[in-house]
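**Student:** One structure follows; several queries about it will come next.
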Amino acid sequence: MWPDDAGLKRVHEQLSSLPPLVFAGEARRLTSALGDAAEGHAFLLQAGDCAESFTDFTADGIRDKLRVILQMAVVLTYGAGVPVVKLGRIAGQFAKPRSSPTEMVGAEVLDSFRGHMVNDDLPERAARVPDPDRLITAYHQSVSTLNLLRAFTKGGFADLAQVHAWNQEFVASSSEGRRFDAIAKGIDRALRFMGACGIDLAREDSLHEVDFWTSHEALILDYEEALTRRDSLTGDWYDCSAHMLWVGERTRQIDGAHCEFLSGIHNPVGSKVGPSATPDDVVALCQRLNPERVPGRVSLITRFGADHVETSLPPLLRAVREEGHPVVWVCDPMHGNTINAEGGRKTRRFDDILTEIKGFFQAHAQEGTWPGGVHVELTGDDVTECLGGMEDIVEDQLHQRYTTACDPRLNARQSLDLAFRVAEFLRD
Ligand code: TRP
Ligand code: MN
């Protein structure tokens with residue numbers, strides 16, 4: 001893929017000598033938190049951009065994305081009555097698999113954009129040439145993103161009372177939001193109840209901080225390998241580019257390079273699972289990635305589409321349960337529901353997203369398995385990329401603020417709307 005072999009070698013050496021982004025002990029703590037989600041005692045919220053961008057990179061953008069995720073997490077914690085594991089698709093999500101190596105831009109055929117870690121999205125031939133120095137830029141952008149996330153989540157920004165106050169604003173600011181008044185009031189009452197029982201809410205550290213983890217698709221193995229290090233405590237290998245890594249629907253072959261890589265690291269790992277996966281495939285994948293059957297080691301992120309989830313998912317749930325593999329079942333309601341709007345813009349309907357989640361919950365109820373979490377593409381920005389939601393974005397409005405570097409994302413209000421609805425499913 002890289003035209004510049006010598007450049008790639010130099011970059012690989014440089015990355016190998018740079019400090020890790022995360023520490024092996026953190027990855028182990030995440031495995032343990034996900035183990036709770038595998039066993040029905042926690043719920044996973046994995047969320048962030050489809051693709052992070054080198055050009056659209058600001059402190060405010062990171063803050064606003066984190067804010068939405070925290071707001072969703074509070075609502076889900078209340079709905080599920082179990083801890084919510086907060087996992088960003090962030091600080092490393094820079095590479096995109098493409099279904100076609102080329103794309104038409106106007107009258108010209110250009111190499112496809114593969115994410116800012118590889119090439120540039122400008123509609124020019126030269127911009128599409130893969131440049132290994134982009135791996136270094138991705139590393140540094142990930143470092144500064146993670147640094148700010150750590151500051152925010154441990155420095156007061158994640159304060160439960162504050163996050164709850166933001167949610168109350170949301171509930172008060174629209175007529176549709178009032179539908180969720182009962183949940184917001186319930187959270188209010190729960191906080192007052194704890195205070196009344198003598199718990200000093202101001203002094204309880206757990207109410208002011210959260211653990212926030214990072215994840216991305218492990219697509220560019222040159223990058224992932226260079227950041228893989230041996231843990232001095234255990235002697236095990238960890239990919240220190242993020243806490244959790246996953247393989248996509250296009251790279252999850254059992255004997256492929258990507259599964260080989262994931263099987264060698266000790267981080268929690270995941271795989272996307274789409275309509276082409278048979279029960280045997282999925283069981284083989286579990287066996288390949290988690291022969292020791294460690295709960296929390298493997299998450300299966302299913303993406304069937306609203307129309308297929310109810311028929312396609314139950315056989316997989318059954319097969320994995322019968323084999324006794326502990327996995328976190330995660331619903332990705334985004335990627336099976338992408339459509340082309342008029343004018344060719346990719347979009348998704350809020351209602352389809354919700355329908356897939358509903359089908360996911362129903363399938364689990366039917367099979368007696370635990371719906372372990374959701375995986376969504378969102379942004380804190382006020383974009384118009386997905387249709388519907390309480391502001392009811394319609395096709396004519398998509399062009400107004402359509403800024404994604406890849407797939408269409410839920411905006412802040414649509415994300416919160418979704419969280420309240422998922423909380424209703426969890427509560428029922
Ligand atoms: N620390 C707890 C948790 O992570 C409670 C909490 C504090 C919280 N601030 C939060 C939960 C913000 C969600 C969002 O669950
Ligand atoms: Mn995507």
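A note on labels: chains of the structure tokens are A, B, ... as shown, every chain counts residues from 1, and ligands are counted from 1 in their shown order.
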Write out as a PyMOL selection string each polymer residue whose atoms come within 6 Å of range 128-130 of chain A, counting only C-alpha atoms; drop sequence neighbours fewer than 3 positions from it.
**Tutor:** chain A and resi 2+111+118-120+125
**Student:** Please extract the residues at most 9 Å from ligand 2, counting only C-alpha atoms and all ligand atoms, and provide them as a ChimeraX atom specification, using the chain letters and residue numbers of this document.
**Tutor:** /A:49-51,96,334-335,376-377,406-409
**Student:** Which chain A residues have any atom within 10 Å of an atom of ligand 1, and for each, what is the nearest pair of atoms with distance in Å to one decimal, counting only C-alpha atoms and all ligand atoms, rows sorted by chain and number, as JSON lines?
**Tutor:**
```
{"residue": "A:Leu66", "atom": "CA", "partner": "ligand 1", "partner_atom_place_in_ligand_line": "14 (C)", "distance": 9.8}
{"residue": "A:Arg67", "atom": "CA", "partner": "ligand 1", "partner_atom_place_in_ligand_line": "14 (C)", "distance": 8.8}
{"residue": "A:Val68", "atom": "CA", "partner": "ligand 1", "partner_atom_place_in_ligand_line": "14 (C)", "distance": 9.6}
{"residue": "A:Ile69", "atom": "CA", "partner": "ligand 1", "partner_atom_place_in_ligand_line": "14 (C)", "distance": 7.9}
{"residue": "A:Leu70", "atom": "CA", "partner": "ligand 1", "partner_atom_place_in_ligand_line": "14 (C)", "distance": 4.3}
{"residue": "A:Gln71", "atom": "CA", "partner": "ligand 1", "partner_atom_place_in_ligand_line": "14 (C)", "distance": 6.0}
{"residue": "A:Met72", "atom": "CA", "partner": "ligand 1", "partner_atom_place_in_ligand_line": "14 (C)", "distance": 7.5}
{"residue": "A:Ala73", "atom": "CA", "partner": "ligand 1", "partner_atom_place_in_ligand_line": "13 (C)", "distance": 4.6}
{"residue": "A:Val74", "atom": "CA", "partner": "ligand 1", "partner_atom_place_in_ligand_line": "13 (C)", "distance": 4.0}
{"residue": "A:Val75", "atom": "CA", "partner": "ligand 1", "partner_atom_place_in_ligand_line": "13 (C)", "distance": 7.7}
{"residue": "A:Leu76", "atom": "CA", "partner": "ligand 1", "partner_atom_place_in_ligand_line": "13 (C)", "distance": 8.2}
{"residue": "A:Thr77", "atom": "CA", "partner": "ligand 1", "partner_atom_place_in_ligand_line": "13 (C)", "distance": 6.8}
{"residue": "A:Tyr78", "atom": "CA", "partner": "ligand 1", "partner_atom_place_in_ligand_line": "11 (C)", "distance": 9.1}
{"residue": "A:Val82", "atom": "CA", "partner": "ligand 1", "partner_atom_place_in_ligand_line": "15 (O)", "distance": 8.6}
{"residue": "A:Pro83", "atom": "CA", "partner": "ligand 1", "partner_atom_place_in_ligand_line": "15 (O)", "distance": 5.5}
{"residue": "A:Val84", "atom": "CA", "partner": "ligand 1", "partner_atom_place_in_ligand_line": "15 (O)", "distance": 5.9}
{"residue": "A:Val85", "atom": "CA", "partner": "ligand 1", "partner_atom_place_in_ligand_line": "4 (O)", "distance": 7.5}
{"residue": "A:Lys86", "atom": "CA", "partner": "ligand 1", "partner_atom_place_in_ligand_line": "4 (O)", "distance": 7.7}
{"residue": "A:Thr153", "atom": "CA", "partner": "ligand 1", "partner_atom_place_in_ligand_line": "9 (N)", "distance": 8.3}
{"residue": "A:Lys154", "atom": "CA", "partner": "ligand 1", "partner_atom_place_in_ligand_line": "9 (N)", "distance": 9.6}
{"residue": "A:Gly156", "atom": "CA", "partner": "ligand 1", "partner_atom_place_in_ligand_line": "9 (N)", "distance": 8.8}
{"residue": "A:Phe157", "atom": "CA", "partner": "ligand 1", "partner_atom_place_in_ligand_line": "9 (N)", "distance": 8.5}
{"residue": "A:Ala158", "atom": "CA", "partner": "ligand 1", "partner_atom_place_in_ligand_line": "9 (N)", "distance": 4.8}
{"residue": "A:Asp159", "atom": "CA", "partner": "ligand 1", "partner_atom_place_in_ligand_line": "9 (N)", "distance": 4.6}
{"residue": "A:Leu160", "atom": "CA", "partner": "ligand 1", "partner_atom_place_in_ligand_line": "9 (N)", "distance": 3.7}
{"residue": "A:Ala161", "atom": "CA", "partner": "ligand 1", "partner_atom_place_in_ligand_line": "9 (N)", "distance": 7.5}
{"residue": "A:Gln162", "atom": "CA", "partner": "ligand 1", "partner_atom_place_in_ligand_line": "9 (N)", "distance": 8.3}
{"residue": "A:Val163", "atom": "CA", "partner": "ligand 1", "partner_atom_place_in_ligand_line": "12 (C)", "distance": 6.0}
{"residue": "A:His164", "atom": "CA", "partner": "ligand 1", "partner_atom_place_in_ligand_line": "12 (C)", "distance": 8.0}
{"residue": "A:Glu204", "atom": "CA", "partner": "ligand 1", "partner_atom_place_in_ligand_line": "1 (N)", "distance": 9.4}
{"residue": "A:Asp205", "atom": "CA", "partner": "ligand 1", "partner_atom_place_in_ligand_line": "1 (N)", "distance": 7.6}
{"residue": "A:Ser206", "atom": "CA", "partner": "ligand 1", "partner_atom_place_in_ligand_line": "1 (N)", "distance": 4.2}
{"residue": "A:Leu207", "atom": "CA", "partner": "ligand 1", "partner_atom_place_in_ligand_line": "7 (C)", "distance": 4.0}
{"residue": "A:His208", "atom": "CA", "partner": "ligand 1", "partner_atom_place_in_ligand_line": "7 (C)", "distance": 5.0}
{"residue": "A:Glu209", "atom": "CA", "partner": "ligand 1", "partner_atom_place_in_ligand_line": "7 (C)", "distance": 5.2}
{"residue": "A:Val210", "atom": "CA", "partner": "ligand 1", "partner_atom_place_in_ligand_line": "4 (O)", "distance": 4.1}
{"residue": "A:Asp211", "atom": "CA", "partner": "ligand 1", "partner_atom_place_in_ligand_line": "4 (O)", "distance": 6.0}
{"residue": "A:Phe212", "atom": "CA", "partner": "ligand 1", "partner_atom_place_in_ligand_line": "4 (O)", "distance": 8.1}
```
**Student:** Please measure the separation of CA of Asn337 in chain A and CA of Gly305 in chain A, giving the value in Å to one decimal.
**Tutor:**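 The value is 5.1 Å.
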**Student:** Any idea what's packed within 8 Å of range 350-354 of chain A, counting only C-alpha atoms, ignoring anything in its chain fewer than 6 positions away? Could you give it as a PyMOL selection string?
**Tutor:** chain A and resi 305-306+333-334+337+386-389+414+418
**Student:** Could you please take those selected residues and save N, CA and C atoms as a compact mmCIF listing (two decimals), in the first residue's frame?
**Tutor:**
```
# COMPACT_ATOMS: atom_id res chain seq x y z
N GLY A 305 -28.51 -4.39 10.19
CA GLY A 305 -29.54 -3.60 9.54
C GLY A 305 -30.88 -3.88 10.21
N ALA A 306 -31.71 -2.84 10.22
CA ALA A 306 -32.97 -2.91 10.95
C ALA A 306 -33.84 -4.08 10.49
N PRO A 333 -25.88 -0.13 15.43
CA PRO A 333 -27.09 0.08 14.62
C PRO A 333 -26.84 1.05 13.46
N MET A 334 -25.55 1.39 13.23
CA MET A 334 -25.24 2.41 12.23
C MET A 334 -24.94 1.79 10.86
N ASN A 337 -27.39 0.28 8.31
CA ASN A 337 -28.51 1.17 7.98
C ASN A 337 -28.08 2.42 7.23
N CYS A 386 -27.55 12.64 9.75
CA CYS A 386 -28.54 11.57 9.84
C CYS A 386 -29.94 12.19 9.81
N LEU A 387 -30.88 11.44 9.25
CA LEU A 387 -32.26 11.94 9.11
C LEU A 387 -33.08 11.62 10.35
N GLY A 388 -34.01 12.52 10.68
CA GLY A 388 -34.96 12.23 11.74
C GLY A 388 -34.48 12.70 13.10
N GLY A 389 -34.98 12.07 14.15
CA GLY A 389 -34.70 12.54 15.50
C GLY A 389 -35.70 13.60 15.88
N GLN A 414 -29.59 14.14 18.62
CA GLN A 414 -30.01 12.80 18.21
C GLN A 414 -29.38 11.73 19.11
N LEU A 418 -31.40 9.17 21.48
CA LEU A 418 -31.19 7.73 21.39
C LEU A 418 -30.92 7.12 22.78
```
**Student:** A:Arg114, A:Arg252, A:His216, A:Arg28: which is nearest Ile265 in chain A, counting only C-alpha atoms?
**Tutor:** A:Arg28
**Student:** What's around Ile357 in chain A at 12 Å? Count only C-alpha atoms, leave out sequence neighbours fewer than 3 positions away in its own chain, and write the answer as JSON, numbers by chain.
**Tutor:** {"A": [302, 303, 304, 305, 306, 307, 308, 309, 310, 313, 329, 330, 331, 332, 333, 334, 336, 337, 350, 351, 352, 353, 354, 360, 361, 362, 363, 364, 371, 372, 373, 374, 375, 376, 418, 419, 421, 422, 423, 424, 425, 426]}
**Student:** Check the smallest atom-to-atom distance from each of A:Arg427, A:Ala138, A:Asp417, A:Asp382 to Tyr402 in chain A using only C-alpha atoms, then report the winner.
**Tutor:**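 The answer is A:Asp382, which sits nearest to Tyr402 in chain A.
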